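File shown here: structure-v5.pdb, holding PDB, C-alpha atoms.
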```
ATOM      1  CA  MET A   1      35.557   3.268 -20.992
ATOM      2  CA  THR A   2      33.549   0.037 -20.854
ATOM      3  CA  LEU A   3      29.822  -0.664 -20.942
ATOM      4  CA  ASP A   4      30.096  -2.137 -17.443
ATOM      5  CA  GLN A   5      31.563   1.127 -16.186
ATOM      6  CA  LEU A   6      28.716   3.036 -17.811
ATOM      7  CA  ARG A   7      26.114   0.744 -16.230
ATOM      8  CA  ILE A   8      27.722   1.169 -12.820
ATOM      9  CA  PHE A   9      27.976   4.956 -13.190
ATOM     10  CA  LEU A  10      24.301   5.228 -14.179
ATOM     11  CA  GLU A  11      23.093   3.076 -11.276
ATOM     12  CA  VAL A  12      25.163   5.023  -8.735
ATOM     13  CA  ALA A  13      23.853   8.261 -10.282
ATOM     14  CA  ARG A  14      20.284   6.959  -9.973
ATOM     15  CA  GLN A  15      20.624   5.734  -6.395
ATOM     16  CA  LEU A  16      23.202   8.293  -5.171
ATOM     17  CA  HIS A  17      24.303   5.496  -2.874
ATOM     18  CA  VAL A  18      27.138   3.073  -3.609
ATOM     19  CA  THR A  19      25.898   0.231  -1.383
ATOM     20  CA  ARG A  20      22.355   0.286  -2.801
ATOM     21  CA  ALA A  21      23.686   0.513  -6.353
ATOM     22  CA  ALA A  22      25.943  -2.480  -5.719
ATOM     23  CA  ALA A  23      22.985  -4.498  -4.388
ATOM     24  CA  THR A  24      20.861  -3.617  -7.426
ATOM     25  CA  LEU A  25      23.678  -4.607  -9.799
ATOM     26  CA  ASN A  26      24.490  -7.749  -7.790
ATOM     27  CA  LEU A  27      28.092  -6.566  -7.341
ATOM     28  CA  THR A  28      30.270  -5.952  -4.321
ATOM     29  CA  GLN A  29      30.618  -2.419  -3.010
ATOM     30  CA  SER A  30      34.354  -2.509  -3.699
ATOM     31  CA  THR A  31      33.739  -3.470  -7.352
ATOM     32  CA  VAL A  32      31.375  -0.537  -7.830
ATOM     33  CA  SER A  33      33.740   1.902  -6.127
ATOM     34  CA  ALA A  34      36.683   0.640  -8.188
ATOM     35  CA  ALA A  35      34.763   1.045 -11.463
ATOM     36  CA  ILE A  36      33.855   4.652 -10.641
ATOM     37  CA  GLN A  37      37.424   5.391  -9.566
ATOM     38  CA  ALA A  38      38.847   3.847 -12.752
ATOM     39  CA  LEU A  39      36.476   5.914 -14.892
ATOM     40  CA  GLU A  40      37.402   9.121 -13.071
ATOM     41  CA  GLU A  41      41.161   8.463 -13.152
ATOM     42  CA  ARG A  42      41.149   7.416 -16.810
ATOM     43  CA  HIS A  43      39.593  10.722 -17.858
ATOM     44  CA  GLY A  44      40.900  12.978 -15.098
ATOM     45  CA  VAL A  45      37.492  14.119 -13.876
ATOM     46  CA  ARG A  46      35.458  13.850 -10.662
ATOM     47  CA  LEU A  47      31.940  12.487 -11.267
ATOM     48  CA  PHE A  48      30.753  12.277  -7.648
ATOM     49  CA  GLU A  49      31.457  14.200  -4.478
ATOM     50  CA  ARG A  50      30.731  13.321  -0.853
ATOM     51  CA  ILE A  51      28.477  15.715   1.047
ATOM     52  CA  GLY A  52      28.304  14.688   4.678
ATOM     53  CA  ARG A  53      27.137  11.062   4.714
ATOM     54  CA  ARG A  54      25.781  11.057   1.167
ATOM     55  CA  ILE A  55      27.112  11.459  -2.351
ATOM     56  CA  ALA A  56      26.026  13.743  -5.169
ATOM     57  CA  LEU A  57      26.867  14.231  -8.810
ATOM     58  CA  THR A  58      29.436  16.914  -9.509
ATOM     59  CA  GLY A  59      28.801  19.450 -12.252
ATOM     60  CA  GLU A  60      30.864  17.272 -14.591
ATOM     61  CA  GLY A  61      28.879  14.214 -13.531
ATOM     62  CA  LYS A  62      25.599  15.964 -14.338
ATOM     63  CA  LEU A  63      26.881  16.874 -17.798
ATOM     64  CA  PHE A  64      28.094  13.318 -18.415
ATOM     65  CA  LEU A  65      24.845  11.672 -17.256
ATOM     66  CA  PRO A  66      22.707  12.176 -20.419
ATOM     67  CA  GLU A  67      25.628  11.146 -22.632
ATOM     68  CA  ALA A  68      26.109   7.961 -20.604
ATOM     69  CA  GLU A  69      22.379   7.210 -20.822
ATOM     70  CA  ALA A  70      22.393   7.699 -24.591
ATOM     71  CA  ALA A  71      25.512   5.568 -25.060
ATOM     72  CA  LEU A  72      24.132   2.688 -23.015
ATOM     73  CA  ALA A  73      20.753   2.909 -24.768
ATOM     74  CA  SER A  74      22.499   2.715 -28.156
ATOM     75  CA  ALA A  75      24.535  -0.278 -27.035
ATOM     76  CA  ARG A  76      21.399  -2.019 -25.762
ATOM     77  CA  SER A  77      19.565  -1.277 -29.020
ATOM     78  CA  ALA A  78      22.461  -2.670 -31.081
ATOM     79  CA  GLU A  79      22.607  -5.821 -28.965
ATOM     80  CA  GLN A  80      18.868  -6.337 -29.277
ATOM     81  CA  MET A  81      18.962  -5.870 -33.047
ATOM     82  CA  LEU A  82      21.621  -8.594 -33.291
ATOM     83  CA  ASP A  83      19.411 -10.865 -31.187
ATOM     84  CA  ASP A  84      16.552 -10.190 -33.589
ATOM     85  CA  LEU A  85      18.705 -10.770 -36.654
ATOM     86  CA  SER A  86      19.717 -14.150 -35.275
ATOM     87  CA  GLY A  87      16.039 -15.153 -35.277
ATOM     88  CA  THR A  88      16.328 -16.721 -31.828
ATOM     89  CA  THR A  89      14.155 -16.167 -28.780
ATOM     90  CA  VAL A  90      17.000 -15.039 -26.567
ATOM     91  CA  GLY A  91      18.059 -11.697 -25.177
ATOM     92  CA  SER A  92      16.852  -9.471 -22.373
ATOM     93  CA  LEU A  93      14.156  -6.952 -21.546
ATOM     94  CA  ALA A  94      14.654  -4.048 -19.162
ATOM     95  CA  ILE A  95      11.277  -3.223 -17.620
ATOM     96  CA  TYR A  96      10.280  -0.325 -15.374
ATOM     97  CA  SER A  97       6.941  -0.544 -13.580
ATOM     98  CA  SER A  98       4.925   1.565 -11.192
ATOM     99  CA  GLN A  99       4.305  -0.015  -7.812
ATOM    100  CA  THR A 100       0.639  -0.933  -8.122
ATOM    101  CA  ILE A 101       1.240  -2.763 -11.394
ATOM    102  CA  ALA A 102       4.490  -4.376 -10.233
ATOM    103  CA  THR A 103       2.996  -5.819  -7.057
ATOM    104  CA  GLN A 104      -0.543  -6.701  -8.149
ATOM    105  CA  TRP A 105      -0.986  -7.005 -11.908
ATOM    106  CA  LEU A 106       2.323  -7.709 -13.609
ATOM    107  CA  PRO A 107       3.810 -10.754 -11.761
ATOM    108  CA  ARG A 108       1.370 -13.332 -13.156
ATOM    109  CA  ARG A 109       1.960 -12.026 -16.665
ATOM    110  CA  LEU A 110       5.734 -12.121 -16.312
ATOM    111  CA  VAL A 111       5.508 -15.728 -15.128
ATOM    112  CA  ALA A 112       3.447 -16.632 -18.205
ATOM    113  CA  PHE A 113       5.946 -14.840 -20.453
ATOM    114  CA  HIS A 114       8.953 -16.541 -18.862
ATOM    115  CA  GLU A 115       7.333 -19.955 -19.227
ATOM    116  CA  ALA A 116       6.867 -19.285 -22.947
ATOM    117  CA  TYR A 117      10.256 -17.597 -23.563
ATOM    118  CA  LYS A 118      12.766 -19.049 -21.127
ATOM    119  CA  GLY A 119      15.720 -17.677 -23.123
ATOM    120  CA  ILE A 120      14.759 -14.040 -22.494
ATOM    121  CA  ARG A 121      16.070 -12.519 -19.286
ATOM    122  CA  LEU A 122      13.783 -10.046 -17.534
ATOM    123  CA  ASP A 123      15.179  -7.140 -15.513
ATOM    124  CA  LEU A 124      12.421  -5.418 -13.513
ATOM    125  CA  GLN A 125      12.836  -2.081 -11.732
ATOM    126  CA  VAL A 126      10.036  -0.523  -9.667
ATOM    127  CA  GLY A 127       9.373   3.191  -9.177
ATOM    128  CA  ASN A 128       6.609   5.747  -9.428
ATOM    129  CA  THR A 129       5.054   6.906 -12.687
ATOM    130  CA  GLY A 130       7.439   9.852 -13.072
ATOM    131  CA  GLN A 131      10.463   7.581 -12.689
ATOM    132  CA  CYS A 132       9.030   5.117 -15.227
ATOM    133  CA  ILE A 133       8.566   7.836 -17.837
ATOM    134  CA  ALA A 134      12.071   9.180 -17.202
ATOM    135  CA  ALA A 135      13.516   5.673 -17.665
ATOM    136  CA  VAL A 136      11.807   5.259 -21.046
ATOM    137  CA  GLN A 137      12.831   8.733 -22.186
ATOM    138  CA  GLY A 138      16.407   8.200 -21.015
ATOM    139  CA  GLY A 139      16.705   4.812 -22.698
ATOM    140  CA  SER A 140      17.543   2.892 -19.518
ATOM    141  CA  CYS A 141      14.590   0.547 -20.065
ATOM    142  CA  ASP A 142      12.843  -1.019 -23.058
ATOM    143  CA  VAL A 143       9.311  -0.652 -21.767
ATOM    144  CA  ALA A 144       7.443   0.722 -18.771
ATOM    145  CA  PHE A 145       4.053   0.017 -17.228
ATOM    146  CA  ILE A 146       2.177   2.865 -15.543
ATOM    147  CA  GLU A 147      -1.323   3.502 -14.231
ATOM    148  CA  ALA A 148      -1.712   7.207 -14.938
ATOM    149  CA  THR A 149      -2.268   9.186 -18.108
ATOM    150  CA  VAL A 150       0.773  11.396 -18.694
ATOM    151  CA  HIS A 151       1.532  14.086 -21.258
ATOM    152  CA  ALA A 152       4.467  12.660 -23.195
ATOM    153  CA  PRO A 153       3.728  13.050 -26.934
ATOM    154  CA  ALA A 154       7.035  11.466 -27.982
ATOM    155  CA  LEU A 155       6.150   8.181 -26.274
ATOM    156  CA  GLU A 156       3.724   5.481 -27.357
ATOM    157  CA  GLN A 157       1.156   4.668 -24.663
ATOM    158  CA  ILE A 158      -0.971   1.542 -25.146
ATOM    159  CA  VAL A 159      -3.837   0.563 -22.816
ATOM    160  CA  ILE A 160      -3.221  -3.003 -21.588
ATOM    161  CA  GLY A 161      -5.348  -3.272 -18.435
ATOM    162  CA  LYS A 162      -7.440  -1.398 -15.885
ATOM    163  CA  ASP A 163      -7.766  -0.751 -12.176
ATOM    164  CA  THR A 164     -10.175   0.783  -9.679
ATOM    165  CA  LEU A 165      -9.167   3.345  -7.077
ATOM    166  CA  SER A 166     -11.110   2.952  -3.838
ATOM    167  CA  LEU A 167     -11.700   5.301  -0.947
ATOM    168  CA  VAL A 168     -10.702   3.459   2.233
ATOM    169  CA  ALA A 169     -10.313   4.420   5.885
ATOM    170  CA  GLY A 170      -9.018   2.912   9.077
ATOM    171  CA  ALA A 171     -11.387   0.840  11.205
ATOM    172  CA  ARG A 172     -11.692   3.647  13.813
ATOM    173  CA  HIS A 173     -12.640   6.343  11.300
ATOM    174  CA  PRO A 174     -15.944   8.203  11.901
ATOM    175  CA  TRP A 175     -16.891   7.314   8.325
ATOM    176  CA  ARG A 176     -17.587   3.781   9.608
ATOM    177  CA  ASP A 177     -20.886   5.131  10.955
ATOM    178  CA  LYS A 178     -21.596   7.800   8.334
ATOM    179  CA  ALA A 179     -19.912   7.419   4.955
ATOM    180  CA  PRO A 180     -19.277  10.505   2.778
ATOM    181  CA  THR A 181     -21.738  10.986  -0.047
ATOM    182  CA  ASN A 182     -19.834  13.599  -2.067
ATOM    183  CA  PHE A 183     -16.291  14.869  -2.595
ATOM    184  CA  ARG A 184     -16.831  17.972  -0.437
ATOM    185  CA  GLU A 185     -17.122  15.721   2.613
ATOM    186  CA  LEU A 186     -13.609  14.387   1.994
ATOM    187  CA  THR A 187     -12.203  17.600   3.491
ATOM    188  CA  ALA A 188     -13.354  16.458   6.964
ATOM    189  CA  SER A 189     -10.751  13.663   7.154
ATOM    190  CA  ARG A 190      -7.005  13.438   7.696
ATOM    191  CA  TRP A 191      -5.177  11.740   4.804
ATOM    192  CA  VAL A 192      -2.188   9.534   4.098
ATOM    193  CA  LEU A 193      -1.245   9.732   0.413
ATOM    194  CA  ARG A 194       1.383   8.538  -2.060
ATOM    195  CA  GLU A 195       4.270  10.833  -2.900
ATOM    196  CA  ALA A 196       4.198  13.385  -5.724
ATOM    197  CA  GLY A 197       4.850  11.667  -9.051
ATOM    198  CA  SER A 198       2.934   8.479  -8.302
ATOM    199  CA  GLY A 199       0.153   7.356 -10.634
ATOM    200  CA  THR A 200      -2.265   6.826  -7.749
ATOM    201  CA  ARG A 201      -1.809  10.401  -6.587
ATOM    202  CA  ARG A 202      -2.102  11.813 -10.130
ATOM    203  CA  THR A 203      -5.400   9.992 -10.668
ATOM    204  CA  PHE A 204      -6.787  11.115  -7.304
ATOM    205  CA  GLU A 205      -5.765  14.714  -8.034
ATOM    206  CA  ALA A 206      -7.633  14.565 -11.360
ATOM    207  CA  ALA A 207     -10.752  13.203  -9.629
ATOM    208  CA  LEU A 208     -10.594  16.007  -7.063
ATOM    209  CA  GLU A 209     -10.262  18.641  -9.789
ATOM    210  CA  GLU A 210     -13.280  17.239 -11.625
ATOM    211  CA  ASN A 211     -15.244  17.842  -8.419
ATOM    212  CA  GLY A 212     -13.987  21.371  -7.784
ATOM    213  CA  LEU A 213     -11.309  20.478  -5.220
ATOM    214  CA  SER A 214      -7.540  20.139  -5.006
ATOM    215  CA  LEU A 215      -5.066  18.476  -2.686
ATOM    216  CA  ALA A 216      -4.689  21.834  -0.925
ATOM    217  CA  ASP A 217      -8.248  21.370   0.358
ATOM    218  CA  LEU A 218      -7.311  18.163   2.186
ATOM    219  CA  ASP A 219      -5.615  17.720   5.552
ATOM    220  CA  ILE A 220      -2.655  15.605   4.448
ATOM    221  CA  PHE A 221      -1.243  13.973   7.576
ATOM    222  CA  LEU A 222       1.523  11.932   5.926
ATOM    223  CA  GLU A 223       2.987  10.975   2.540
ATOM    224  CA  LEU A 224       4.505   7.508   1.983
ATOM    225  CA  PRO A 225       6.309   5.919  -1.000
ATOM    226  CA  SER A 226       4.299   2.697  -1.389
ATOM    227  CA  ASN A 227       0.686   1.529  -1.384
ATOM    228  CA  GLU A 228       1.425  -1.267   1.100
ATOM    229  CA  ALA A 229       3.011   1.199   3.532
ATOM    230  CA  ILE A 230      -0.057   3.425   3.301
ATOM    231  CA  CYS A 231      -2.481   0.572   3.996
ATOM    232  CA  ALA A 232      -0.390  -0.565   6.962
ATOM    233  CA  ALA A 233      -0.201   3.009   8.277
ATOM    234  CA  ILE A 234      -3.924   3.699   8.272
ATOM    235  CA  ALA A 235      -5.141   0.210   9.264
ATOM    236  CA  GLU A 236      -7.272   0.391  12.427
ATOM    237  CA  SER A 237      -6.775   4.180  12.566
ATOM    238  CA  ALA A 238      -8.952   7.250  11.997
ATOM    239  CA  LEU A 239      -7.104   8.162   8.785
ATOM    240  CA  SER A 240      -8.157   7.752   5.145
ATOM    241  CA  THR A 241      -6.581   7.234   1.736
ATOM    242  CA  VAL A 242      -7.274   6.443  -1.899
ATOM    243  CA  VAL A 243      -5.558   3.315  -3.172
ATOM    244  CA  SER A 244      -5.946   0.500  -5.679
ATOM    245  CA  ARG A 245      -8.671  -1.819  -4.460
ATOM    246  CA  ALA A 246      -6.488  -4.826  -5.259
ATOM    247  CA  VAL A 247      -3.914  -3.552  -2.749
ATOM    248  CA  ALA A 248      -6.449  -2.714  -0.044
ATOM    249  CA  GLU A 249      -8.535  -5.886  -0.372
ATOM    250  CA  PRO A 250      -6.616  -8.056   2.158
ATOM    251  CA  TYR A 251      -6.944  -5.290   4.769
ATOM    252  CA  ILE A 252     -10.642  -4.854   3.981
ATOM    253  CA  MET A 253     -11.275  -8.595   4.278
ATOM    254  CA  ALA A 254      -9.437  -8.652   7.630
ATOM    255  CA  GLY A 255     -11.573  -5.799   8.955
ATOM    256  CA  ARG A 256      -8.585  -3.468   9.366
ATOM    257  CA  LEU A 257      -9.776  -1.067   6.645
ATOM    258  CA  ILE A 258     -13.269  -0.054   5.611
ATOM    259  CA  GLU A 259     -14.158   0.588   1.994
ATOM    260  CA  LEU A 260     -16.430   3.590   1.436
ATOM    261  CA  PRO A 261     -19.083   3.566  -1.311
ATOM    262  CA  LEU A 262     -18.111   6.931  -2.837
ATOM    263  CA  PRO A 263     -16.698   6.153  -6.336
ATOM    264  CA  ILE A 264     -13.281   7.711  -6.954
ATOM    265  CA  ALA A 265     -11.988   6.646 -10.374
ATOM    266  CA  ASP A 266     -11.343   3.788 -12.746
ATOM    267  CA  ARG A 267      -8.014   4.061 -14.498
ATOM    268  CA  PRO A 268      -6.247   2.298 -17.360
ATOM    269  CA  PHE A 269      -2.892   0.573 -17.184
ATOM    270  CA  TYR A 270      -0.495   1.642 -19.952
ATOM    271  CA  LEU A 271       2.420   0.021 -21.708
ATOM    272  CA  VAL A 272       4.840   2.844 -22.555
ATOM    273  CA  ARG A 273       7.689   2.658 -25.055
ATOM    274  CA  ASN A 274       9.776   4.935 -27.230
ATOM    275  CA  PRO A 275       8.599   4.428 -30.843
ATOM    276  CA  GLY A 276      11.920   5.799 -32.091
ATOM    277  CA  ARG A 277      13.778   2.781 -30.730
ATOM    278  CA  HIS A 278      13.933  -0.620 -32.404
ATOM    279  CA  GLN A 279      11.052  -2.789 -31.190
ATOM    280  CA  THR A 280      12.587  -6.169 -30.495
ATOM    281  CA  ARG A 281      11.067  -9.616 -30.909
ATOM    282  CA  ALA A 282      11.246  -9.943 -27.125
ATOM    283  CA  LEU A 283       9.184  -6.794 -26.559
ATOM    284  CA  ARG A 284       6.627  -7.794 -29.171
ATOM    285  CA  ALA A 285       6.386 -11.231 -27.546
ATOM    286  CA  LEU A 286       5.824  -9.666 -24.104
ATOM    287  CA  GLN A 287       3.094  -7.412 -25.456
ATOM    288  CA  ASN A 288       1.407 -10.379 -27.131
ATOM    289  CA  VAL A 289       1.436 -12.403 -23.897
ATOM    290  CA  ILE A 290      -0.024  -9.504 -21.924
ATOM    291  CA  GLU A 291      -2.758  -8.824 -24.484
ATOM    292  CA  SER A 292      -3.674 -12.531 -24.561
ATOM    293  CA  MET A 293      -4.287 -12.401 -20.783
ATOM    294  CA  ALA A 294      -6.523  -9.332 -20.874
TER
END
```
Can you turn what I pasted into structure tokens?
Amino acid sequence: MTLDQLRIFLEVARQLHVTRAAATLNLTQSTVSAAIQALEERHGVRLFERIGRRIALTGEGKLFLPEAEAALASARSAEQMLDDLSGTTVGSLAIYSSQTIATQWLPRRLVAFHEAYKGIRLDLQVGNTGQCIAAVQGGSCDVAFIEATVHAPALEQIVIGKDTLSLVAGARHPWRDKAPTNFRELTASRWVLREAGSGTRRTFEAALEENGLSLADLDIFLELPSNEAICAAIAESALSTVVSRAVAEPYIMAGRLIELPLPIADRPFYLVRNPGRHQTRALRALQNVIESMA
């Protein structure tokens, strides 16, 4: 069993799609399929099974998954410790980020970091807050950036930025003429929201609860997996959403969305890491760059 085979197995297990996993790993589909086949034949076990037009982990694959994650995390930690012991500014950082941060807040900071530390390779994956936390807990990334407070006592969560959630609606929404003045009036609209597990949705849910409401009180018309998709969906419509103002601003400036004056929530951005893992020079350097740009 090789580390490359483990990496390929974990990516296929995450995507449950050979072609997408191959694209993420920058490998050919045949290379990915051959690695999985070699792993299965070497140990006489089936890790994946085909169900219709998709694949799924077998029972054996599900049992092997946490062991593979732990083995790859240990190998990454050992490699990073050697990089640190060499005293050089080389190595790599595996980063997981929620969508709002990855598209609006993080890019400028990664550019500044790369300009200062050209020898450190950055590997960025994007998902929702739940996926980011799972990646840190599973050891498949060194650090994650999220925009929601989560209950994960074993993880270190450091505030490194902030954001504002805004209430916005399509240009044909009745709120254009009469904006809501309290949370109770939000029940009169149809909504397009992020999927369960996203930081934006978690923060909105908390704001609703503070005002005696829940998502069950809203008429949720559609759920979509990205902020940009939501803004595009409700632009010039009679639908509403809650989204980062930084994401909605181009639509607001173009007159395709209207921003309502009802305050929703300010929220912190967090850097999340596992304090039980070795903190590398590269990770400390990234944190220093980000804090210097606050």
If the PyMOL selection byres ((chain A and resi 277) around 10) were run on this exact file, what residues would it hold? Put them as a PyMOL selection string. chain A and resi 73-74+77+139+142+273-276+278-280
Check which residues of range 34-114 of chain A sit at most 10 Å from range 242-254 of chain A using only C-alpha atoms, and return one row each with the closest pair of atoms and their distance in Å to one decimal, ordered by chain and rising number, as a Markdown table.
```
| residue | atom | partner | partner_atom | distance |
| --- | --- | --- | --- | --- |
| A:Thr100 | CA | A:Ser244 | CA | 7.2 |
| A:Ile101 | CA | A:Ser244 | CA | 9.7 |
| A:Thr103 | CA | A:Val247 | CA | 8.5 |
| A:Gln104 | CA | A:Ala246 | CA | 6.9 |
| A:Trp105 | CA | A:Ala246 | CA | 8.9 |
```
Rank nothing, just name the residue among A:Leu262, A:Leu72, A:Ala134, A:Ile160 nearest to Leu6 in chain A, using all atoms listed in the file. A:Leu72
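CA of Gly170 in chain A is found 23.8 Å from CA of Asn211 in chain A.
Among the candidates A:Ile220, A:Val111, A:Leu10, A:Ile258, the one nearest to Gly61 in chain A when counting only C-alpha atoms is A:Leu10.
Put simply, CA of Ser140 in chain A is 25.8 Å away from CA of Gly44 in chain A.
One finds CA of Leu193 in chain A at 8.3 Å from CA of Phe221 in chain A.
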Can you pull out the residues contacting Tyr117 in chain A? Cut-off 12 Å, using only C-alpha atoms, and skip same-chain residues under 6 positions away; I want them as a ChimeraX atom specification. /A:88-93,110-111,281-286,288-289
In terms of the shortest atom-to-atom distance over all atoms listed in the file, which of A:Ile133, A:Ala238, A:Ala207, A:Ala196 is closest to Pro174 in chain A? A:Ala238
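Restricting the calculation to all atoms listed in the file, the smallest distance between Ala34 in chain A and any of A:Ala56, A:His17, A:Leu122, A:Ile8 is found for A:Ile8.
The smallest atom-to-atom distance between Ser97 in chain A and any of A:Ile51, A:Ala144, A:Ala135, A:Ala206, using all atoms listed in the file, is found for A:Ala144.
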With all atoms listed in the file counted, which protein, DNA or RNA residues have an atom no more than 6 Å from (6.6, 5.1, -18.3) in the file frame? Please answer as an mmCIF file with C-alpha atoms, keeping the file's coordinate frame.
```cif
data_model
loop_
_atom_site.group_PDB
_atom_site.id
_atom_site.type_symbol
_atom_site.label_atom_id
_atom_site.label_comp_id
_atom_site.auth_asym_id
_atom_site.auth_seq_id
_atom_site.Cartn_x
_atom_site.Cartn_y
_atom_site.Cartn_z
ATOM 1 C CA CYS A 132 9.030 5.117 -15.227
ATOM 2 C CA ILE A 133 8.566 7.836 -17.837
ATOM 3 C CA VAL A 136 11.807 5.259 -21.046
ATOM 4 C CA ALA A 144 7.443 0.722 -18.771
ATOM 5 C CA PHE A 145 4.053 0.017 -17.228
ATOM 6 C CA ILE A 146 2.177 2.865 -15.543
ATOM 7 C CA VAL A 272 4.840 2.844 -22.555
#
```
For Ile264 in chain A, list every protein, DNA or RNA residue within 10 Å, evaluated using all atoms listed in the file, and leave out those in the same chain fewer than 3 positions away; present the list as a PDB file with C-alpha atoms, in the frame of the given file.
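Saved the output as around31.pdb:
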```
ATOM      1  CA  THR A 164     -10.175   0.783  -9.679  1.00  0.00           C
ATOM      2  CA  LEU A 165      -9.167   3.345  -7.077  1.00  0.00           C
ATOM      3  CA  SER A 166     -11.110   2.952  -3.838  1.00  0.00           C
ATOM      4  CA  LEU A 167     -11.700   5.301  -0.947  1.00  0.00           C
ATOM      5  CA  PHE A 183     -16.291  14.869  -2.595  1.00  0.00           C
ATOM      6  CA  THR A 203      -5.400   9.992 -10.668  1.00  0.00           C
ATOM      7  CA  PHE A 204      -6.787  11.115  -7.304  1.00  0.00           C
ATOM      8  CA  ALA A 206      -7.633  14.565 -11.360  1.00  0.00           C
ATOM      9  CA  ALA A 207     -10.752  13.203  -9.629  1.00  0.00           C
ATOM     10  CA  LEU A 208     -10.594  16.007  -7.063  1.00  0.00           C
ATOM     11  CA  VAL A 242      -7.274   6.443  -1.899  1.00  0.00           C
ATOM     12  CA  VAL A 243      -5.558   3.315  -3.172  1.00  0.00           C
ATOM     13  CA  LEU A 260     -16.430   3.590   1.436  1.00  0.00           C
ATOM     14  CA  PRO A 261     -19.083   3.566  -1.311  1.00  0.00           C
ATOM     15  CA  ARG A 267      -8.014   4.061 -14.498  1.00  0.00           C
TER      16      ARG A 267
END
```
